[in-house]
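Printed here is work08.cif (mmCIF, C-alpha atoms):
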```cif
data_data
loop_
_atom_site.label_atom_id
_atom_site.label_comp_id
_atom_site.auth_asym_id
_atom_site.auth_seq_id
_atom_site.Cartn_x
_atom_site.Cartn_y
_atom_site.Cartn_z
CA MET A 1 -56.05 -20.63 86.69
CA GLU A 2 -59.43 -19.41 85.58
CA GLN A 3 -57.86 -16.57 83.64
CA VAL A 4 -56.04 -19.26 81.75
CA ILE A 5 -59.27 -21.10 80.93
CA LYS A 6 -60.92 -17.95 79.64
CA PHE A 7 -57.82 -17.24 77.56
CA GLU A 8 -57.71 -20.75 76.11
CA LEU A 9 -61.43 -20.75 75.30
CA GLY A 10 -61.05 -17.41 73.56
CA ARG A 11 -58.20 -18.82 71.58
CA LEU A 12 -60.18 -21.80 70.33
CA ASN A 13 -62.03 -19.91 67.63
CA ALA A 14 -59.94 -16.79 67.21
CA HIS A 15 -58.42 -18.10 64.01
CA LEU A 16 -61.78 -18.37 62.26
CA PRO A 17 -62.01 -16.10 59.23
CA VAL A 18 -63.71 -12.75 59.43
CA LYS A 19 -64.98 -13.40 55.92
CA ARG A 20 -64.73 -16.55 53.85
CA ILE A 21 -64.00 -16.54 50.15
CA SER A 22 -65.55 -18.57 47.38
CA LEU A 23 -63.68 -21.31 45.54
CA LYS A 24 -63.98 -19.18 42.43
CA SER A 25 -62.21 -16.20 44.02
CA ALA A 26 -59.58 -18.44 45.54
CA LEU A 27 -58.77 -20.07 42.21
CA SER A 28 -58.18 -16.77 40.53
CA ALA A 29 -56.12 -15.22 43.33
CA SER A 30 -52.36 -15.51 43.15
CA ARG A 31 -51.90 -16.19 46.89
CA PRO A 32 -55.37 -17.19 48.12
CA ALA A 33 -55.92 -16.67 51.83
CA VAL A 34 -58.39 -15.54 54.47
CA GLN A 35 -57.79 -13.42 57.54
CA GLY A 36 -58.69 -14.65 61.00
CA LYS A 37 -60.40 -12.62 63.70
CA ASN A 38 -57.03 -12.56 65.45
CA GLY A 39 -55.47 -10.91 62.43
CA ASN A 40 -53.47 -13.93 61.33
CA LEU A 41 -53.54 -14.95 57.70
CA HIS A 42 -54.40 -18.45 56.63
CA TYR A 43 -53.26 -19.52 53.17
CA PHE A 44 -54.88 -22.20 51.03
CA LYS A 45 -52.80 -24.73 49.14
CA ARG A 46 -53.32 -24.68 45.42
CA GLU A 47 -53.58 -28.45 45.05
CA GLU A 48 -56.55 -28.53 47.40
CA LEU A 49 -58.31 -25.84 45.38
CA LYS A 50 -57.71 -27.94 42.29
CA LEU A 51 -59.17 -31.01 43.99
CA LEU A 52 -62.27 -29.08 45.05
CA SER A 53 -62.74 -27.64 41.58
CA LYS A 54 -62.72 -31.16 40.15
CA LEU A 55 -65.45 -32.26 42.53
CA LEU A 56 -67.90 -29.52 41.60
CA PRO A 57 -69.33 -28.18 38.36
CA GLU A 58 -67.94 -24.77 37.45
CA SER A 59 -71.36 -23.21 38.02
CA GLU A 60 -71.07 -23.97 41.71
CA TRP A 61 -67.56 -22.66 42.25
CA ASP A 62 -68.80 -19.30 43.44
CA LYS A 63 -71.13 -20.96 45.93
CA LEU A 64 -68.54 -22.98 47.85
CA GLN A 65 -67.32 -20.88 50.76
CA LEU A 66 -63.79 -21.50 52.00
CA PRO A 67 -62.56 -22.59 54.40
CA ILE A 68 -65.14 -25.33 54.94
CA LEU A 69 -65.96 -25.23 58.62
CA ILE A 70 -65.96 -28.43 60.65
CA ALA A 71 -68.09 -27.75 63.71
CA LEU A 72 -67.18 -29.64 66.88
CA GLU A 73 -70.32 -29.32 68.96
CA SER A 74 -70.68 -30.52 72.51
CA LYS A 75 -74.17 -31.85 71.82
CA LEU A 76 -72.89 -34.12 69.08
CA GLY A 77 -70.70 -35.89 71.57
CA ARG A 78 -67.03 -36.69 71.16
CA GLY A 79 -66.01 -38.14 67.83
CA ALA A 80 -68.63 -36.48 65.65
CA ALA A 81 -68.61 -33.19 63.76
CA ARG A 82 -71.01 -31.26 61.58
CA ILE A 83 -70.45 -29.57 58.25
CA SER A 84 -73.18 -27.17 57.22
CA GLY A 85 -73.97 -25.46 53.96
CA GLU A 86 -75.45 -26.97 50.82
CA ILE A 87 -72.39 -26.97 48.61
CA GLU A 88 -69.97 -27.55 51.46
CA ALA A 89 -71.86 -30.64 52.63
CA LYS A 90 -72.16 -31.81 49.05
CA VAL A 91 -68.44 -31.69 48.38
CA ILE A 92 -67.60 -33.38 51.68
CA GLY A 93 -70.17 -36.04 50.85
CA LYS A 94 -68.40 -36.62 47.54
CA ILE A 95 -65.08 -37.13 49.28
CA LEU A 96 -66.61 -39.56 51.75
CA GLN A 97 -68.68 -41.18 49.01
CA ARG A 98 -71.97 -40.75 50.77
CA GLU A 99 -74.88 -38.37 50.53
CA ALA A 100 -75.39 -35.20 52.50
CA THR A 101 -78.94 -34.54 53.75
CA ASP A 102 -80.70 -31.26 54.50
CA ASN A 103 -77.73 -29.14 53.54
CA GLU A 104 -75.50 -30.62 56.18
CA ILE A 105 -73.50 -33.75 56.89
CA ILE A 106 -72.40 -35.30 60.16
CA VAL A 107 -69.02 -36.99 60.02
CA TYR A 108 -67.35 -39.42 62.40
CA ARG A 109 -63.78 -39.65 63.57
CA PRO A 110 -62.23 -41.82 60.82
CA GLU A 111 -64.01 -39.76 58.17
CA LEU A 112 -62.82 -36.61 59.84
CA ALA A 113 -59.25 -37.84 59.62
CA LEU A 114 -59.69 -38.50 55.91
CA ILE A 115 -61.16 -35.07 55.24
CA ARG A 116 -58.38 -33.33 57.13
CA ARG A 117 -55.78 -35.34 55.26
CA LYS A 118 -57.20 -34.39 51.88
CA LEU A 119 -58.08 -30.79 52.71
CA PRO A 120 -55.73 -29.58 55.46
CA THR A 121 -55.83 -25.91 54.52
CA THR A 122 -59.30 -25.58 52.99
CA THR A 123 -61.06 -26.93 56.08
CA GLN A 124 -60.93 -25.52 59.60
CA TYR A 125 -62.19 -26.59 62.99
CA MET A 126 -64.82 -24.54 64.76
CA PHE A 127 -65.72 -25.15 68.39
CA VAL A 128 -69.36 -24.63 69.29
CA TRP A 129 -70.58 -24.39 72.83
CA MET B 1 -58.81 -25.72 102.02
CA ALA B 2 -62.33 -25.21 100.82
CA ALA B 3 -62.88 -22.55 103.45
CA ALA B 4 -60.12 -20.49 101.97
CA PHE B 5 -62.25 -20.20 98.84
CA THR B 6 -65.16 -18.45 100.38
CA SER B 7 -65.50 -15.34 102.43
CA SER B 8 -68.62 -16.51 104.11
CA PRO B 9 -70.86 -19.48 103.44
CA ASN B 10 -74.04 -17.98 102.11
CA ARG B 11 -76.31 -18.42 99.16
CA MET B 12 -74.59 -15.76 97.08
CA GLU B 13 -71.28 -17.51 97.53
CA LEU B 14 -72.85 -20.83 96.62
CA MET B 15 -74.13 -19.36 93.38
CA LYS B 16 -70.74 -17.90 92.54
CA VAL B 17 -68.95 -21.17 93.16
CA ARG B 18 -71.52 -23.06 91.11
CA LYS B 19 -70.91 -20.72 88.20
CA ARG B 20 -67.16 -21.11 88.46
CA LEU B 21 -67.54 -24.87 88.58
CA ALA B 22 -69.72 -24.86 85.47
CA LEU B 23 -67.14 -22.78 83.62
CA ALA B 24 -64.33 -25.07 84.69
CA GLU B 25 -66.23 -28.16 83.62
CA LYS B 26 -67.14 -26.60 80.29
CA GLY B 27 -63.54 -25.58 79.76
CA HIS B 28 -62.44 -29.09 80.62
CA ASP B 29 -64.78 -30.67 78.05
CA LEU B 30 -63.79 -28.26 75.30
CA LEU B 31 -60.09 -28.63 75.91
CA LYS B 32 -60.50 -32.39 75.87
CA ASP B 33 -62.16 -32.06 72.46
CA LYS B 34 -59.26 -29.91 71.36
CA MET B 35 -56.85 -32.58 72.58
CA ASP B 36 -58.68 -35.25 70.59
CA ALA B 37 -58.52 -33.16 67.46
CA LEU B 38 -54.83 -32.36 68.02
CA VAL B 39 -53.97 -36.03 68.42
CA MET B 40 -55.74 -36.77 65.17
CA GLU B 41 -53.96 -33.94 63.35
CA LEU B 42 -50.64 -35.15 64.71
CA PHE B 43 -51.32 -38.73 63.61
CA ASN B 44 -52.25 -37.50 60.15
CA THR B 45 -49.11 -35.46 59.87
CA LEU B 46 -46.91 -38.27 61.11
CA LYS B 47 -48.40 -40.71 58.62
CA THR B 48 -47.59 -38.31 55.83
CA ILE B 49 -44.10 -37.72 57.25
CA GLN B 50 -43.31 -41.43 57.12
CA LYS B 51 -43.92 -41.52 53.39
CA SER B 52 -42.36 -38.15 52.75
CA ARG B 53 -39.19 -39.01 54.68
CA ALA B 54 -38.74 -42.30 52.87
CA THR B 55 -39.01 -40.77 49.41
CA ALA B 56 -36.95 -37.70 50.25
CA ILE B 57 -34.12 -39.72 51.77
CA GLU B 58 -34.09 -42.18 48.89
CA GLN B 59 -33.94 -39.34 46.38
CA LEU B 60 -31.19 -37.63 48.36
CA ARG B 61 -29.23 -40.85 48.37
CA LYS B 62 -29.54 -41.01 44.59
CA GLY B 63 -28.39 -37.43 44.41
CA TYR B 64 -25.30 -38.02 46.52
CA GLU B 65 -24.45 -41.10 44.44
CA ALA B 66 -24.72 -39.10 41.26
CA VAL B 67 -22.50 -36.38 42.70
CA SER B 68 -19.88 -38.97 43.67
CA ALA B 69 -20.02 -40.51 40.23
CA CYS B 70 -19.61 -37.10 38.67
CA MET B 71 -16.59 -36.30 40.82
CA ALA B 72 -15.03 -39.62 39.89
CA VAL B 73 -15.47 -38.94 36.18
CA MET B 74 -14.90 -35.21 35.97
CA GLY B 75 -12.68 -34.67 38.93
CA THR B 76 -13.51 -33.12 42.30
CA PHE B 77 -12.14 -29.71 41.49
CA GLU B 78 -13.96 -29.48 38.17
CA THR B 79 -17.22 -30.53 39.78
CA MET B 80 -16.76 -27.87 42.41
CA GLN B 81 -16.14 -25.30 39.67
CA ALA B 82 -19.30 -26.29 37.89
CA ALA B 83 -21.25 -26.10 41.14
CA GLU B 84 -20.01 -22.57 41.64
CA GLU B 85 -21.03 -21.59 38.14
CA THR B 86 -24.56 -22.92 38.58
CA LYS B 87 -27.24 -20.32 38.99
CA LYS B 88 -28.50 -20.16 42.56
CA GLU B 89 -32.06 -19.22 42.07
CA ILE B 90 -34.13 -21.62 44.15
CA GLN B 91 -36.85 -19.85 46.07
CA ILE B 92 -39.51 -21.16 48.38
CA GLU B 93 -42.77 -19.52 49.41
CA ILE B 94 -43.49 -19.81 53.10
CA SER B 95 -46.82 -18.65 54.47
CA GLU B 96 -48.85 -19.49 57.53
CA ARG B 97 -51.90 -21.60 57.94
CA ASN B 98 -53.90 -22.23 61.06
CA ILE B 99 -54.93 -25.40 62.83
CA MET B 100 -57.28 -24.66 65.73
CA GLY B 101 -55.56 -21.41 66.51
CA ILE B 102 -52.07 -22.84 66.10
CA GLU B 103 -49.88 -21.29 63.44
CA VAL B 104 -47.99 -23.72 61.26
CA PRO B 105 -45.99 -23.11 58.10
CA THR B 106 -47.24 -23.88 54.63
CA VAL B 107 -44.58 -24.07 51.98
CA GLU B 108 -44.80 -24.03 48.20
CA ILE B 109 -41.88 -24.45 45.87
CA GLU B 110 -41.77 -23.90 42.16
CA GLU B 111 -40.51 -26.55 39.88
CA THR B 112 -36.89 -27.09 40.89
CA GLU B 113 -35.80 -29.13 37.91
CA ARG B 114 -33.94 -27.20 35.26
CA ASN B 115 -32.20 -28.47 32.20
CA ALA B 116 -28.56 -28.63 31.30
CA LEU B 117 -28.72 -25.57 29.09
CA THR B 118 -30.09 -23.23 31.68
CA ARG B 119 -28.19 -24.18 34.80
CA GLY B 120 -25.27 -21.94 34.13
CA TYR B 121 -22.29 -24.22 33.76
CA SER B 122 -20.65 -24.66 30.38
CA LEU B 123 -21.67 -27.78 28.52
CA HIS B 124 -18.34 -28.10 26.75
CA THR B 125 -16.21 -28.65 29.79
CA THR B 126 -18.65 -30.82 31.72
CA SER B 127 -19.90 -34.35 31.41
CA SER B 128 -23.42 -35.71 31.36
CA HIS B 129 -22.75 -37.06 34.84
CA LEU B 130 -22.91 -33.49 36.00
CA ASP B 131 -26.34 -33.04 34.46
CA THR B 132 -27.53 -36.20 36.18
CA ALA B 133 -26.13 -35.12 39.52
CA ALA B 134 -27.72 -31.70 39.28
CA ARG B 135 -31.06 -33.14 38.24
CA GLU B 136 -31.17 -35.71 41.06
CA MET B 137 -30.25 -33.08 43.61
CA GLU B 138 -32.88 -30.68 42.25
CA ARG B 139 -35.48 -33.39 42.73
CA ALA B 140 -34.20 -34.02 46.24
CA VAL B 141 -34.51 -30.38 47.21
CA LYS B 142 -38.16 -30.31 46.27
CA LEU B 143 -38.91 -33.36 48.44
CA LEU B 144 -36.87 -32.02 51.34
CA VAL B 145 -38.79 -28.76 51.30
CA GLU B 146 -42.06 -30.66 51.60
CA LEU B 147 -40.61 -32.74 54.42
CA ALA B 148 -39.44 -29.66 56.30
CA GLU B 149 -42.94 -28.23 56.29
CA LEU B 150 -44.37 -31.46 57.67
CA GLU B 151 -41.75 -31.87 60.39
CA VAL B 152 -42.10 -28.34 61.68
CA THR B 153 -45.88 -28.75 61.65
CA ALA B 154 -45.65 -31.99 63.63
CA LEU B 155 -43.30 -30.43 66.20
CA THR B 156 -45.58 -27.45 66.65
CA LEU B 157 -48.65 -29.66 67.06
CA ALA B 158 -46.90 -31.91 69.57
CA ARG B 159 -45.88 -28.94 71.72
CA GLU B 160 -49.41 -27.55 71.67
CA LEU B 161 -50.74 -30.96 72.61
CA GLU B 162 -48.49 -31.03 75.66
CA ARG B 163 -49.67 -27.60 76.74
CA THR B 164 -53.30 -28.55 76.30
CA LYS B 165 -52.82 -31.77 78.27
CA ARG B 166 -51.37 -29.79 81.16
CA ARG B 167 -54.38 -27.49 81.17
CA VAL B 168 -56.80 -30.41 81.09
CA ASN B 169 -54.99 -32.09 83.97
CA ALA B 170 -54.88 -28.89 86.01
CA LEU B 171 -58.63 -28.57 85.60
CA GLU B 172 -59.38 -32.20 86.27
CA TYR B 173 -57.11 -32.74 89.28
CA ILE B 174 -56.83 -29.34 90.88
CA LEU B 175 -59.41 -26.72 90.05
CA ILE B 176 -62.55 -28.79 89.64
CA PRO B 177 -62.08 -30.86 92.80
CA ARG B 178 -61.34 -27.64 94.73
CA LEU B 179 -64.49 -25.98 93.48
CA GLN B 180 -66.54 -29.08 94.21
CA GLY B 181 -65.09 -29.16 97.69
CA ALA B 182 -65.95 -25.51 98.21
CA MET B 183 -69.45 -26.07 96.97
CA ASN B 184 -69.99 -29.03 99.27
CA PHE B 185 -68.59 -27.11 102.19
CA ILE B 186 -70.92 -24.16 101.66
CA MET B 187 -73.93 -26.41 101.20
CA MET B 188 -73.06 -28.27 104.36
CA ARG B 189 -72.67 -25.04 106.33
CA LEU B 190 -75.94 -23.67 104.97
CA ASP B 191 -77.64 -26.87 106.05
CA GLU B 192 -76.10 -26.63 109.51
CA MET B 193 -77.13 -23.01 109.91
CA GLU B 194 -80.67 -23.84 108.89
CA ARG B 195 -80.82 -26.64 111.45
CA GLU B 196 -79.41 -24.39 114.16
CA ASN B 197 -81.97 -21.79 113.26
CA PHE B 198 -84.71 -24.37 113.32
CA THR B 199 -83.76 -25.69 116.77
CA ARG B 200 -83.37 -22.15 118.11
CA LEU B 201 -86.83 -21.24 116.88
CA LYS B 202 -88.23 -24.39 118.47
CA ARG B 203 -86.68 -23.48 121.81
CA ILE B 204 -88.01 -19.93 121.67
CA LYS B 205 -91.41 -21.28 120.84
CA ALA B 206 -91.26 -23.68 123.80
CA ILE B 207 -90.24 -20.85 126.17
CA LEU B 208 -93.03 -18.63 124.93
CA GLU B 209 -95.52 -21.45 125.34
CA GLU B 210 -94.29 -22.07 128.88
CA ARG B 211 -94.88 -18.45 129.81
CA GLU B 212 -98.48 -18.61 128.86
CA MET C 1 -43.13 -14.49 51.25
CA SER C 2 -40.22 -15.72 49.17
CA TYR C 3 -37.19 -17.16 50.83
CA LYS C 4 -33.91 -18.79 49.93
CA ILE C 5 -32.44 -22.07 51.14
CA ALA C 6 -29.19 -22.59 53.06
CA VAL C 7 -27.18 -25.77 53.60
CA ILE C 8 -24.46 -26.69 56.12
CA GLY C 9 -22.52 -29.90 55.67
CA ASP C 10 -19.43 -31.63 54.40
CA PRO C 11 -17.91 -30.59 51.04
CA GLU C 12 -19.72 -33.16 48.92
CA THR C 13 -23.08 -32.32 50.44
CA VAL C 14 -22.50 -28.66 49.74
CA ILE C 15 -21.40 -29.32 46.16
CA GLY C 16 -24.53 -31.38 45.58
CA PHE C 17 -26.88 -28.69 46.82
CA SER C 18 -25.01 -25.94 45.01
CA LEU C 19 -25.54 -27.85 41.80
CA ALA C 20 -29.24 -27.87 42.58
CA GLY C 21 -29.31 -24.11 42.94
CA VAL C 22 -29.07 -23.53 46.68
CA SER C 23 -27.69 -20.07 47.26
CA HIS C 24 -26.33 -20.04 50.82
CA THR C 25 -23.84 -22.71 51.78
CA HIS C 26 -21.30 -23.45 54.48
CA VAL C 27 -18.78 -26.24 54.45
CA TYR C 28 -18.19 -27.53 57.97
CA ARG C 29 -14.60 -27.03 59.16
CA ASP C 30 -14.80 -26.37 62.85
CA LYS C 31 -17.47 -26.07 65.50
CA ASN C 32 -17.23 -22.37 66.26
CA LYS C 33 -17.23 -21.21 62.66
CA ALA C 34 -20.19 -23.45 61.94
CA LEU C 35 -22.17 -22.20 64.93
CA GLY C 36 -21.42 -18.65 63.87
CA GLN C 37 -22.58 -19.32 60.34
CA LEU C 38 -25.69 -21.10 61.62
CA GLU C 39 -26.61 -18.07 63.69
CA GLU C 40 -26.03 -15.85 60.69
CA PHE C 41 -28.33 -17.99 58.59
CA LEU C 42 -30.94 -17.98 61.35
CA ASN C 43 -30.87 -14.20 61.53
CA ASN C 44 -30.82 -13.69 57.79
CA ARG C 45 -34.34 -12.67 56.82
CA GLU C 46 -33.86 -13.94 53.29
CA ILE C 47 -33.42 -17.52 54.38
CA GLY C 48 -36.51 -19.67 54.88
CA LEU C 49 -35.01 -23.14 55.18
CA ILE C 50 -31.73 -24.42 56.58
CA LEU C 51 -30.62 -27.92 55.64
CA ILE C 52 -28.01 -29.34 57.98
CA THR C 53 -26.50 -32.81 58.12
CA HIS C 54 -26.97 -35.03 61.17
CA ARG C 55 -23.21 -35.36 61.54
CA VAL C 56 -22.70 -31.63 61.75
CA VAL C 57 -25.56 -31.32 64.22
CA GLU C 58 -23.85 -33.87 66.45
CA SER C 59 -20.52 -32.08 66.15
CA LEU C 60 -22.15 -28.86 67.30
CA GLY C 61 -23.41 -30.46 70.48
CA PRO C 62 -25.98 -28.86 72.83
CA GLU C 63 -25.19 -25.40 71.47
CA PHE C 64 -27.04 -26.35 68.31
CA HIS C 65 -30.35 -26.69 70.14
CA GLN C 66 -29.73 -23.59 72.21
CA VAL C 67 -29.16 -21.51 69.10
CA VAL C 68 -32.08 -22.96 67.14
CA ARG C 69 -34.54 -22.71 70.03
CA LYS C 70 -34.22 -18.95 70.10
CA LYS C 71 -35.57 -18.44 66.62
CA GLY C 72 -39.23 -18.21 65.63
CA LEU C 73 -41.10 -20.30 63.11
CA ILE C 74 -38.88 -19.19 60.23
CA PRO C 75 -36.37 -20.27 59.04
CA LEU C 76 -37.37 -23.92 59.05
CA VAL C 77 -34.54 -26.21 60.03
CA LEU C 78 -34.29 -29.73 58.62
CA LYS C 79 -31.67 -32.31 59.54
CA ILE C 80 -30.63 -34.48 56.63
CA PRO C 81 -28.32 -37.42 56.10
CA ASP C 82 -25.06 -36.88 54.27
CA LYS C 83 -23.68 -39.25 51.66
CA THR C 84 -22.97 -41.89 54.29
CA GLY C 85 -26.68 -42.03 54.99
CA TYR C 86 -26.10 -41.63 58.71
CA SER C 87 -28.98 -40.60 60.89
CA PRO C 88 -29.02 -41.01 64.66
CA GLU C 89 -31.16 -43.46 66.62
CA LYS C 90 -32.50 -40.67 68.78
CA ASP C 91 -35.07 -38.68 66.87
CA GLU C 92 -36.36 -35.43 68.29
CA LEU C 93 -39.71 -35.78 66.65
CA SER C 94 -40.32 -39.34 67.87
CA ASP C 95 -39.36 -38.34 71.38
CA LEU C 96 -41.62 -35.34 71.50
CA VAL C 97 -44.51 -37.26 70.05
CA ARG C 98 -44.08 -40.11 72.48
CA ARG C 99 -44.08 -37.65 75.38
CA SER C 100 -47.13 -35.79 74.25
CA VAL C 101 -49.27 -38.63 72.99
CA GLY C 102 -47.97 -41.16 75.45
CA ILE C 103 -47.45 -44.01 73.04
CA GLU C 104 -44.94 -45.06 70.45
CA ILE C 105 -45.65 -43.89 66.93
CA PRO C 106 -43.17 -45.02 64.30
CA VAL C 107 -41.75 -42.02 62.53
CA LYS C 108 -38.55 -43.54 61.28
CA THR C 109 -39.04 -46.13 58.59
CA GLU C 110 -37.16 -49.35 57.98
CA GLY C 111 -33.56 -49.02 57.04
CA GLU C 112 -33.13 -45.47 58.31
#
```
Kindly present the structure from the file in structure tokens form.
Amino acid sequence: MEQVIKFELGRLNAHLPVKRISLKSALSASRPAVQGKNGNLHYFKREELKLLSKLLPESEWDKLQLPILIALESKLGRGAARISGEIEAKVIGKILQREATDNEIIVYRPELALIRRKLPTTTQYMFVW
Amino acid sequence: MAAAFTSSPNRMELMKVRKRLALAEKGHDLLKDKMDALVMELFNTLKTIQKSRATAIEQLRKGYEAVSACMAVMGTFETMQAAEETKKEIQIEISERNIMGIEVPTVEIEETERNALTRGYSLHTTSSHLDTAAREMERAVKLLVELAELEVTALTLARELERTKRRVNALEYILIPRLQGAMNFIMMRLDEMERENFTRLKRIKAILEERE
Amino acid sequence: MSYKIAVIGDPETVIGFSLAGVSHTHVYRDKNKALGQLEEFLNNREIGLILITHRVVESLGPEFHQVVRKKGLIPLVLKIPDKTGYSPEKDELSDLVRRSVGIEIPVKTEGE
């Protein structure tokens, strides 16, 4: 049983990218994707890239790292998540129509649902414990 | 039951069991978080499926109607001929994307709508009903492709949710109670042994005192 | 990766999708031929999506699910209505969701 737990916990974050790519790179690639630590590829949908590019001035396109990571942290409690990074928090703030502070933004369950609906491939969950 | 867990009730064992319990409880919390997120993803996908299904099915209905109308005007055989002459070039791009470690498909399709000149059938021998039928069906295909991606995603998420639920339940109802039981058992035995020791020492002390 | 689309259904369904540019088609005549063709489509690496009508799925019985279960993620399989608009009451997706989430979530919309 405990082997199973260790396996499942390992699996939780194995998909996270080895290296993220900027919005700018993604826009110019023909099949934009990142590779997970487990070797699997994760492709971004073009319409999401377009949406993100509309939310930011072109000068910031090379600063936005994709995928945007949504951190589920045990200390935040259930129902809340954190997005870190100046540009990342800024763009999420724009979608939620509220300000990010200190280069991060904490989002709550209904907002999380909205973000995931608008950006299903350009955001990813990250478990922190 | 708890005794079967431990070789001998001592402090080392207690420490080991405590560690295992902590791991199990941590695992339980994290997997519960994963379950929450999966439920939300599934809800999101299902909401989108509702809309997508409605539009796709409506467009497909229009397509079938147009095909029927075409067959009525041009004749079944002639329509079939034209269908055979049409170029069969539709392609879809299927790649993977990842939701919390779960692989789901992501599908892109180029513009499916063509125009009467480029489809491949001769314009002389066919009626405009054919063009309409082809166009409506081309639109339907695009919507169906999007729907297929969503449905497969939803199915995959639902299956993963079931698996995760089973793990959470196994932790909550089997492993954690067992470990807690083992821990309590060891602590109780350690207590007992300390008391036995204590009374034994008291007796020895009394005997020694008597001798003096 | 690029893939093609396949469709299995009655003659009119197949004509419709051929007109749209679908390359691989099979008109349903009898159960065994259809199952054979379905397996061929499933094993054909060029095919990424199989469209199949609800009526044909029902005609194929439990063998349909046995055959489809064996495959991996690709090709995607989508059940569609034919020109009669028929789709069954029982919906695999609704059932699975109800089992896993534990409550009823409407997946079918009005009039389906």
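Every protein, DNA or RNA residue with an atom at most 10 Å from Gln37 (chain C), where all atoms listed in the file count and chain neighbours fewer than 2 positions away do not, is listed here: Ile8, Thr25, His26, Val27, Tyr28, Lys31, Asn32, Lys33, Ala34, Leu35, Glu39, Glu40, Phe41, Leu42 and Asn43 of chain C.
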May I have a table of the residues of chain B lying at most 6 Å from chain A, giving each one's closest pair of atoms and their distance in Å to one decimal, counting only C-alpha atoms, ordered by chain and ascending residue number, as a tab-separated table?
```
residue	atom	partner	partner_atom	distance
B:Glu96	CA	A:His42	CA	5.7
B:Arg97	CA	A:His42	CA	4.2
B:Asn98	CA	A:His42	CA	5.8
B:Met100	CA	A:Tyr125	CA	5.9
B:Gly101	CA	A:His15	CA	5.0
```
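Interatomic distance, CA of Gly16 (chain C) against CA of Met137 (chain B): 6.3 Å.
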Practice item. Just say which residues the PyMOL selection byres ((chain B and resi 119) around 12) picks in this file, as a PyMOL selection string. Key: (chain B and resi 82-90+112-118+120-123+130-131+134-135+138) or (chain C and resi 18-22)
How would the residues just chosen look if you wrote them out with C-alpha atoms as a PDB file, in the coordinates of the input?
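As written to disk, out-v1.pdb reads:
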```pdb
ATOM      1  CA  ALA B  82     -19.300 -26.290  37.890  1.00  0.00           C
ATOM      2  CA  ALA B  83     -21.250 -26.100  41.140  1.00  0.00           C
ATOM      3  CA  GLU B  84     -20.010 -22.570  41.640  1.00  0.00           C
ATOM      4  CA  GLU B  85     -21.030 -21.590  38.140  1.00  0.00           C
ATOM      5  CA  THR B  86     -24.560 -22.920  38.580  1.00  0.00           C
ATOM      6  CA  LYS B  87     -27.240 -20.320  38.990  1.00  0.00           C
ATOM      7  CA  LYS B  88     -28.500 -20.160  42.560  1.00  0.00           C
ATOM      8  CA  GLU B  89     -32.060 -19.220  42.070  1.00  0.00           C
ATOM      9  CA  ILE B  90     -34.130 -21.620  44.150  1.00  0.00           C
ATOM     10  CA  THR B 112     -36.890 -27.090  40.890  1.00  0.00           C
ATOM     11  CA  GLU B 113     -35.800 -29.130  37.910  1.00  0.00           C
ATOM     12  CA  ARG B 114     -33.940 -27.200  35.260  1.00  0.00           C
ATOM     13  CA  ASN B 115     -32.200 -28.470  32.200  1.00  0.00           C
ATOM     14  CA  ALA B 116     -28.560 -28.630  31.300  1.00  0.00           C
ATOM     15  CA  LEU B 117     -28.720 -25.570  29.090  1.00  0.00           C
ATOM     16  CA  THR B 118     -30.090 -23.230  31.680  1.00  0.00           C
ATOM     17  CA  GLY B 120     -25.270 -21.940  34.130  1.00  0.00           C
ATOM     18  CA  TYR B 121     -22.290 -24.220  33.760  1.00  0.00           C
ATOM     19  CA  SER B 122     -20.650 -24.660  30.380  1.00  0.00           C
ATOM     20  CA  LEU B 123     -21.670 -27.780  28.520  1.00  0.00           C
ATOM     21  CA  LEU B 130     -22.910 -33.490  36.000  1.00  0.00           C
ATOM     22  CA  ASP B 131     -26.340 -33.040  34.460  1.00  0.00           C
ATOM     23  CA  ALA B 134     -27.720 -31.700  39.280  1.00  0.00           C
ATOM     24  CA  ARG B 135     -31.060 -33.140  38.240  1.00  0.00           C
ATOM     25  CA  GLU B 138     -32.880 -30.680  42.250  1.00  0.00           C
TER      26      GLU B 138
ATOM     27  CA  SER C  18     -25.010 -25.940  45.010  1.00  0.00           C
ATOM     28  CA  LEU C  19     -25.540 -27.850  41.800  1.00  0.00           C
ATOM     29  CA  ALA C  20     -29.240 -27.870  42.580  1.00  0.00           C
ATOM     30  CA  GLY C  21     -29.310 -24.110  42.940  1.00  0.00           C
ATOM     31  CA  VAL C  22     -29.070 -23.530  46.680  1.00  0.00           C
TER      32      VAL C  22
END
```
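The residue set within 12 Å of Thr48 (chain B), counting all atoms listed in the file and dropping same-chain residues fewer than 5 places from it, reads Arg116, Arg117, Lys118 and Pro120 of chain A; Glu41, Leu42, Phe43, Arg53, Ala54, Thr55, Glu146, Leu147, Ala148, Glu149, Leu150, Glu151, Thr153 and Ala154 of chain B; Pro106, Val107, Lys108 and Thr109 of chain C.
The spacing separating CA of Asn197 (chain B) from CA of Pro9 (chain B) amounts to 15.0 Å.
Residues selected in this file by the PyMOL selection byres ((chain A and resi 84) around 8) comprise Leu69, Arg82, Ile83, Gly85, Glu86, Glu88, Ala89, Asn103, Glu104 and Ile105 of chain A.
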Exercise for review: Between CA of Glu58 (chain B) and CA of Ile52 (chain C), measure the distance and give it in Å to one decimal.
Suggested key: 16.9 Å
**Study point:** Residues matched by the PyMOL selection byres ((chain B and resi 165) around 10), written as a PyMOL selection string
**Key:** (chain B and resi 31-32+34-35+159-164+166-171) or (chain C and resi 100-101)
